[in-house]
$ cat my_file.pdb   # PDB, C-alpha atoms and all ligand atoms
ATOM      1  CA  MET A   1       6.279   4.362 -10.322
ATOM      2  CA  LYS A   2       3.668   7.045 -10.892
ATOM      3  CA  ILE A   3       3.118   9.306  -7.900
ATOM      4  CA  GLU A   4       0.220  11.675  -7.459
ATOM      5  CA  THR A   5       0.750  14.734  -5.253
ATOM      6  CA  SER A   6      -1.817  16.756  -3.348
ATOM      7  CA  TYR A   7      -1.705  20.481  -2.683
ATOM      8  CA  SER A   8      -0.069  21.614   0.531
ATOM      9  CA  ALA A   9      -2.509  22.437   3.354
ATOM     10  CA  ASN A  10      -2.389  23.793   6.881
ATOM     11  CA  LEU A  11      -2.803  21.365   9.759
ATOM     12  CA  PRO A  12      -3.174  22.824  13.219
ATOM     13  CA  SER A  13      -2.364  19.993  15.642
ATOM     14  CA  ARG A  14      -1.908  19.431  19.360
ATOM     15  CA  PHE A  15       1.840  19.742  18.685
ATOM     16  CA  GLY A  16       1.702  22.988  16.722
ATOM     17  CA  LEU A  17       0.908  24.384  13.310
ATOM     18  CA  PHE A  18       2.069  22.116  10.512
ATOM     19  CA  LYS A  19       1.782  21.897   6.750
ATOM     20  CA  ILE A  20       0.754  18.587   5.230
ATOM     21  CA  GLN A  21       0.996  17.213   1.740
ATOM     22  CA  ALA A  22      -0.075  13.758   0.517
ATOM     23  CA  PHE A  23       1.680  11.506  -1.987
ATOM     24  CA  LYS A  24      -0.223   8.654  -3.605
ATOM     25  CA  GLU A  25       1.822   5.693  -4.759
ATOM     26  CA  GLY A  26      -0.464   3.034  -6.263
ATOM     27  CA  TYR A  27      -3.009   2.223  -3.555
ATOM     28  CA  LYS A  28      -0.804   3.632  -0.797
ATOM     29  CA  GLU A  29      -1.183   7.210   0.344
ATOM     30  CA  HIS A  30       1.683   8.709   2.331
ATOM     31  CA  LEU A  31       1.866  12.008   4.176
ATOM     32  CA  ALA A  32       4.569  14.631   4.614
ATOM     33  CA  ILE A  33       4.012  16.678   7.786
ATOM     34  CA  TYR A  34       6.356  19.634   8.033
ATOM     35  CA  LYS A  35       7.131  22.934   9.608
ATOM     36  CA  ASP A  36       7.182  25.782   7.132
ATOM     37  CA  PRO A  37       9.693  27.050   6.092
ATOM     38  CA  LEU A  38      12.011  24.049   5.882
ATOM     39  CA  LYS A  39      15.658  24.563   6.774
ATOM     40  CA  GLU A  40      18.418  23.699   4.333
ATOM     41  CA  ILE A  41      19.335  20.579   6.326
ATOM     42  CA  PRO A  42      16.086  19.694   8.115
ATOM     43  CA  ILE A  43      15.453  17.107  10.790
ATOM     44  CA  VAL A  44      13.506  14.270   9.170
ATOM     45  CA  ARG A  45      11.659  11.384  10.785
ATOM     46  CA  ILE A  46      10.495   8.520   8.617
ATOM     47  CA  HIS A  47       7.597   6.921  10.448
ATOM     48  CA  SER A  48       5.863   3.780   9.246
ATOM     49  CA  GLU A  49       2.176   3.500   9.982
ATOM     50  CA  CYS A  50       1.159   1.536  13.057
ATOM     51  CA  LEU A  51      -2.605   1.727  13.457
ATOM     52  CA  THR A  52      -2.631  -0.144  16.753
ATOM     53  CA  GLY A  53       0.052   2.069  18.247
ATOM     54  CA  ASP A  54      -0.478   5.458  16.553
ATOM     55  CA  ALA A  55      -4.285   5.543  16.747
ATOM     56  CA  ILE A  56      -5.308   3.102  19.498
ATOM     57  CA  GLY A  57      -2.401   3.644  21.871
ATOM     58  CA  SER A  58      -1.243   0.030  21.944
ATOM     59  CA  LEU A  59       1.391  -0.659  24.569
ATOM     60  CA  LYS A  60       2.874  -3.569  22.575
ATOM     61  CA  CYS A  61       5.202  -1.223  20.702
ATOM     62  CA  ASP A  62       6.693   2.258  20.953
ATOM     63  CA  CYS A  63       5.365   3.680  17.664
ATOM     64  CA  ARG A  64       3.034   6.280  19.125
ATOM     65  CA  ASP A  65       5.700   7.541  21.539
ATOM     66  CA  GLN A  66       8.145   7.835  18.636
ATOM     67  CA  LEU A  67       5.612   9.630  16.456
ATOM     68  CA  GLU A  68       4.677  12.090  19.194
ATOM     69  CA  PHE A  69       8.329  12.718  20.054
ATOM     70  CA  SER A  70       9.050  13.393  16.373
ATOM     71  CA  LEU A  71       6.107  15.771  15.898
ATOM     72  CA  GLN A  72       7.128  17.678  19.018
ATOM     73  CA  GLU A  73      10.718  17.772  17.796
ATOM     74  CA  ILE A  74       9.822  19.255  14.393
ATOM     75  CA  GLU A  75       7.527  21.747  16.104
ATOM     76  CA  ASN A  76      10.435  22.841  18.318
ATOM     77  CA  ARG A  77      13.314  22.625  15.855
ATOM     78  CA  GLY A  78      11.750  22.543  12.397
ATOM     79  CA  GLY A  79      11.738  19.615   9.982
ATOM     80  CA  MET A  80       9.515  16.942   8.535
ATOM     81  CA  VAL A  81       7.821  13.696   9.511
ATOM     82  CA  ILE A  82       7.188  11.410   6.560
ATOM     83  CA  TYR A  83       4.317   9.127   7.498
ATOM     84  CA  LEU A  84       4.577   5.989   5.389
ATOM     85  CA  ARG A  85       1.568   3.752   5.003
ATOM     86  CA  GLN A  86       3.326   0.459   5.479
ATOM     87  CA  GLU A  87       1.479  -1.049   8.391
ATOM     88  CA  GLY A  88       3.157  -3.683  10.548
ATOM     89  CA  ARG A  89       6.597  -3.311   8.926
ATOM     90  CA  ASP A  90       4.649  -3.680   5.679
ATOM     91  CA  ILE A  91       2.994  -7.050   6.248
ATOM     92  CA  GLY A  92      -0.378  -5.281   6.501
ATOM     93  CA  LEU A  93      -2.899  -5.078   9.295
ATOM     94  CA  LEU A  94      -4.408  -8.559   8.905
ATOM     95  CA  ASN A  95      -1.018 -10.276   9.029
ATOM     96  CA  LYS A  96       0.083  -8.053  11.873
ATOM     97  CA  VAL A  97      -2.900  -9.155  13.959
ATOM     98  CA  ASN A  98      -2.066 -12.770  13.094
ATOM     99  CA  ALA A  99       1.516 -12.084  14.207
ATOM    100  CA  TYR A 100       0.160 -10.686  17.478
ATOM    101  CA  ALA A 101      -1.884 -13.878  17.920
ATOM    102  CA  LEU A 102       1.329 -15.890  17.544
ATOM    103  CA  GLN A 103       2.993 -13.567  20.051
ATOM    104  CA  ASP A 104       0.147 -14.347  22.455
ATOM    105  CA  LYS A 105       1.367 -17.964  22.205
ATOM    106  CA  GLY A 106       4.925 -16.973  23.122
ATOM    107  CA  LEU A 107       6.723 -16.197  19.845
ATOM    108  CA  ASP A 108       8.654 -12.926  19.633
ATOM    109  CA  THR A 109       8.022 -10.294  16.943
ATOM    110  CA  VAL A 110      10.682 -11.627  14.565
ATOM    111  CA  GLU A 111       9.766 -15.317  15.013
ATOM    112  CA  ALA A 112       6.085 -14.507  14.449
ATOM    113  CA  ASN A 113       6.826 -12.768  11.148
ATOM    114  CA  HIS A 114       8.951 -15.701  10.012
ATOM    115  CA  GLN A 115       6.235 -18.204  10.887
ATOM    116  CA  LEU A 116       3.821 -16.244   8.662
ATOM    117  CA  GLY A 117       6.293 -16.363   5.777
ATOM    118  CA  PHE A 118       7.616 -12.812   6.011
ATOM    119  CA  ARG A 119      10.982 -11.306   6.724
ATOM    120  CA  ALA A 120      11.385  -9.494  10.054
ATOM    121  CA  ASP A 121      11.041  -6.241   8.148
ATOM    122  CA  GLU A 122       9.457  -5.864   4.708
ATOM    123  CA  ARG A 123       9.606  -2.083   4.482
ATOM    124  CA  THR A 124      11.064  -0.112   1.581
ATOM    125  CA  TYR A 125      11.947   3.547   1.300
ATOM    126  CA  GLU A 126      12.079   4.596  -2.388
ATOM    127  CA  ILE A 127       9.141   6.929  -1.881
ATOM    128  CA  VAL A 128      11.099   8.797   0.815
ATOM    129  CA  GLU A 129      13.748   9.796  -1.699
ATOM    130  CA  TYR A 130      11.006  10.985  -4.040
ATOM    131  CA  ILE A 131       9.311  13.084  -1.343
ATOM    132  CA  LEU A 132      12.556  14.684  -0.159
ATOM    133  CA  GLU A 133      13.548  15.533  -3.716
ATOM    134  CA  TYR A 134      10.100  16.976  -4.293
ATOM    135  CA  PHE A 135      10.793  19.463  -1.479
ATOM    136  CA  GLY A 136      14.281  20.189  -2.821
ATOM    137  CA  ILE A 137      15.913  18.583   0.219
ATOM    138  CA  LYS A 138      19.383  17.214  -0.470
ATOM    139  CA  LYS A 139      20.703  16.704   3.056
ATOM    140  CA  ILE A 140      18.890  15.591   6.206
ATOM    141  CA  ARG A 141      19.422  15.017   9.885
ATOM    142  CA  LEU A 142      17.651  11.698  10.381
ATOM    143  CA  LEU A 143      15.693  11.098  13.562
ATOM    144  CA  THR A 144      15.991   7.369  14.250
ATOM    145  CA  ASN A 145      17.035   4.765  16.778
ATOM    146  CA  ASN A 146      17.684   2.249  14.027
ATOM    147  CA  PRO A 147      20.885   3.029  12.131
ATOM    148  CA  LYS A 148      20.348   0.035   9.833
ATOM    149  CA  LYS A 149      16.876   1.117   8.819
ATOM    150  CA  ILE A 150      18.013   3.460   6.112
ATOM    151  CA  GLU A 151      21.510   3.028   4.804
ATOM    152  CA  ASN A 152      20.811   4.415   1.372
ATOM    153  CA  LEU A 153      18.497   7.202   0.326
ATOM    154  CA  GLY A 154      19.877   7.606  -3.166
ATOM    155  CA  GLU A 155      21.132  11.149  -3.704
ATOM    156  CA  ILE A 156      19.997  12.292  -0.256
ATOM    157  CA  GLU A 157      22.836  12.675   2.222
ATOM    158  CA  ILE A 158      22.244  11.746   5.875
ATOM    159  CA  VAL A 159      24.572  14.166   7.660
ATOM    160  CA  GLU A 160      23.581  13.198  11.196
ATOM    161  CA  ARG A 161      21.471  10.693  13.111
ATOM    162  CA  LEU A 162      19.517  11.943  16.092
ATOM    163  CA  PRO A 163      18.063   9.591  18.705
ATOM    164  CA  ILE A 164      14.435   9.371  19.778
ATOM    165  CA  VAL A 165      14.024   9.296  23.518
ATOM    166  CA  THR A 166      10.985   7.446  24.847
ATOM    167  CA  GLY A 167      10.247   5.220  27.806
ATOM    168  CA  SER A 168       9.171   1.581  27.916
ATOM    169  CA  ASN A 169       6.328  -0.182  29.688
ATOM    170  CA  VAL A 170       5.655  -3.668  31.000
ATOM    171  CA  TYR A 171       4.076  -4.752  27.678
ATOM    172  CA  ASN A 172       6.709  -3.506  25.235
ATOM    173  CA  GLU A 173       9.893  -4.141  27.251
ATOM    174  CA  GLU A 174      10.392  -7.516  25.585
ATOM    175  CA  TYR A 175       9.571  -6.125  22.128
ATOM    176  CA  LEU A 176      12.109  -3.317  22.568
ATOM    177  CA  LYS A 177      14.702  -5.859  23.720
ATOM    178  CA  ILE A 178      14.118  -7.932  20.567
ATOM    179  CA  LYS A 179      14.421  -4.840  18.383
ATOM    180  CA  LYS A 180      17.806  -4.144  19.985
ATOM    181  CA  ALA A 181      19.031  -7.752  19.917
ATOM    182  CA  LYS A 182      17.744  -8.873  16.507
ATOM    183  CA  MET A 183      17.130  -5.738  14.471
ATOM    184  CA  GLY A 184      20.045  -3.440  15.268
ATOM    185  CA  HIS A 185      18.238  -0.764  17.240
ATOM    186  CA  LEU A 186      20.286   1.443  19.538
ATOM    187  CA  PHE A 187      17.703   2.364  22.181
TER     188      PHE A 187
HETATM  189 ZN    ZN A 201       3.672  -0.060  16.549
END
$ encode --input "my_file.pdb" --output "structure tokens" --more "lines below"
Ligand SMILES: [Zn+2]
Amino acid sequence: MKIETSYSANLPSRFGLFKIQAFKEGYKEHLAIYKDPLKEIPIVRIHSECLTGDAIGSLKCDCRDQLEFSLQEIENRGGMVIYLRQEGRDIGLLNKVNAYALQDKGLDTVEANHQLGFRADERTYEIVEYILEYFGIKKIRLLTNNPKKIENLGEIEIVERLPIVTGSNVYNEEYLKIKKAKMGHLF
């Protein structure tokens, strides 16, 4: 896997002053957003792209709330958000919209993925190990509500898991319930 790396640049944001650096893996371009300087054991959030949630503010999921919570958290306590470009648990935007159309007919998020021929979750995390090693990070405190999401990050040690606290709404209540019941989420 050949990975191209950008320079590091400043990014003033509504959450605070961050540094960003991009990593290009084939046709996918990922982003590390971090607070400089990084601590020896930083808080790390691994966030997978969700265009409908992150950019449009969709209420069908909790992605934007999780992203905003994480950015605020690294602004307050230091750390890094790794923004992975694997839309729709890596089935891509077109398939995700098709999955939403099936959900409109009453299927849940897992059933919809299965009907389209995908697993409930197609995401992979090799690039995360690469990015953390690039920054010389050997130990992390992982910000996640899904303890099953990342059980192995190669040489990187997960010393602690920190929860993300967000609310629910009338549209994503069912989705959050399914994530808890079928996908091992804690919150
Ligand atoms: Zn989402």
$ resolve_selection --input "my_file.pdb" --expression "the PyMOL selection byres (((chain A and resi 166) around 7) and not hetatm)" --output "list in words"
Asp65, Gln66, Ile164, Val165, Gly167 and Ser168 of chain A
$ resolve_selection --input "my_file.pdb" --expression "the PyMOL selection byres (((chain A and resi 144-157) around 10) and not hetatm)" --output "ChimeraX atom specification"
/A:41,44-47,66,70,121,123-130,132-133,137-143,158-165,179-180,183-187
$ resolve_selection --input "my_file.pdb" --expression "the PyMOL selection byres (((chain A and resi 112) around 12) and not hetatm)" --output "PyMOL selection string"
chain A and resi 88+91+95-111+113-121+175
$ write_last_selection --input "my_file.pdb" --atoms "C-alpha atoms" --output "CSV table (one decimal), in the coordinates of the input"
chain,number,residue,atom,x,y,z
A,88,GLY,CA,3.2,-3.7,10.5
A,91,ILE,CA,3.0,-7.0,6.2
A,95,ASN,CA,-1.0,-10.3,9.0
A,96,LYS,CA,0.1,-8.1,11.9
A,97,VAL,CA,-2.9,-9.2,14.0
A,98,ASN,CA,-2.1,-12.8,13.1
A,99,ALA,CA,1.5,-12.1,14.2
A,100,TYR,CA,0.2,-10.7,17.5
A,101,ALA,CA,-1.9,-13.9,17.9
A,102,LEU,CA,1.3,-15.9,17.5
A,103,GLN,CA,3.0,-13.6,20.1
A,104,ASP,CA,0.1,-14.3,22.5
A,105,LYS,CA,1.4,-18.0,22.2
A,106,GLY,CA,4.9,-17.0,23.1
A,107,LEU,CA,6.7,-16.2,19.8
A,108,ASP,CA,8.7,-12.9,19.6
A,109,THR,CA,8.0,-10.3,16.9
A,110,VAL,CA,10.7,-11.6,14.6
A,111,GLU,CA,9.8,-15.3,15.0
A,113,ASN,CA,6.8,-12.8,11.1
A,114,HIS,CA,9.0,-15.7,10.0
A,115,GLN,CA,6.2,-18.2,10.9
A,116,LEU,CA,3.8,-16.2,8.7
A,117,GLY,CA,6.3,-16.4,5.8
A,118,PHE,CA,7.6,-12.8,6.0
A,119,ARG,CA,11.0,-11.3,6.7
A,120,ALA,CA,11.4,-9.5,10.1
A,121,ASP,CA,11.0,-6.2,8.1
A,175,TYR,CA,9.6,-6.1,22.1
$ closest_atom_pairs --input "my_file.pdb" --of "region 40-122 of chain A" --to "region 19-30 of chain A" --cutoff "8 Å" --atoms "all atoms listed in the file" --output "Markdown table"
| residue | atom | partner | partner_atom | distance |
| --- | --- | --- | --- | --- |
| A:Ile82 | CA | A:His30 | CA | 7.4 |
| A:Tyr83 | CA | A:His30 | CA | 5.8 |
| A:Leu84 | CA | A:His30 | CA | 5.0 |
| A:Arg85 | CA | A:His30 | CA | 5.6 |
$ residues_near_ligand --input "my_file.pdb" --ligand "ligand ZN 201 (chain A)" --cutoff "12 Å" --atoms "only C-alpha atoms and all ligand atoms" --output "number ranges by chain"
A: 47-67, 86-90, 93, 96-97, 100, 109, 172, 175-176, 179
$ write_last_selection --input "my_file.pdb" --atoms "C-alpha atoms" --output "CSV table (one decimal), in the coordinates of the input"
chain,number,residue,atom,x,y,z
A,47,HIS,CA,7.6,6.9,10.4
A,48,SER,CA,5.9,3.8,9.2
A,49,GLU,CA,2.2,3.5,10.0
A,50,CYS,CA,1.2,1.5,13.1
A,51,LEU,CA,-2.6,1.7,13.5
A,52,THR,CA,-2.6,-0.1,16.8
A,53,GLY,CA,0.1,2.1,18.2
A,54,ASP,CA,-0.5,5.5,16.6
A,55,ALA,CA,-4.3,5.5,16.7
A,56,ILE,CA,-5.3,3.1,19.5
A,57,GLY,CA,-2.4,3.6,21.9
A,58,SER,CA,-1.2,0.0,21.9
A,59,LEU,CA,1.4,-0.7,24.6
A,60,LYS,CA,2.9,-3.6,22.6
A,61,CYS,CA,5.2,-1.2,20.7
A,62,ASP,CA,6.7,2.3,21.0
A,63,CYS,CA,5.4,3.7,17.7
A,64,ARG,CA,3.0,6.3,19.1
A,65,ASP,CA,5.7,7.5,21.5
A,66,GLN,CA,8.1,7.8,18.6
A,67,LEU,CA,5.6,9.6,16.5
A,86,GLN,CA,3.3,0.5,5.5
A,87,GLU,CA,1.5,-1.0,8.4
A,88,GLY,CA,3.2,-3.7,10.5
A,89,ARG,CA,6.6,-3.3,8.9
A,90,ASP,CA,4.6,-3.7,5.7
A,93,LEU,CA,-2.9,-5.1,9.3
A,96,LYS,CA,0.1,-8.1,11.9
A,97,VAL,CA,-2.9,-9.2,14.0
A,100,TYR,CA,0.2,-10.7,17.5
A,109,THR,CA,8.0,-10.3,16.9
A,172,ASN,CA,6.7,-3.5,25.2
A,175,TYR,CA,9.6,-6.1,22.1
A,176,LEU,CA,12.1,-3.3,22.6
A,179,LYS,CA,14.4,-4.8,18.4
$ atom_distance --input "my_file.pdb" --atom1 "CA of Asn76 (chain A)" --atom2 "CA of Ile131 (chain A)"
22.0 Å
$ atom_distance --input "my_file.pdb" --atom1 "CA of Gln72 (chain A)" --atom2 "CA of Asp36 (chain A)"
14.4 Å
$ atom_distance --input "my_file.pdb" --atom1 "CA of Ile33 (chain A)" --atom2 "CA of Met80 (chain A)"
5.6 Å
$ closest_residue --input "my_file.pdb" --among "A:Glu173, A:Glu122, A:Ala32, A:Glu4" --to "Gly79 (chain A)" --atoms "only C-alpha atoms"
A:Ala32
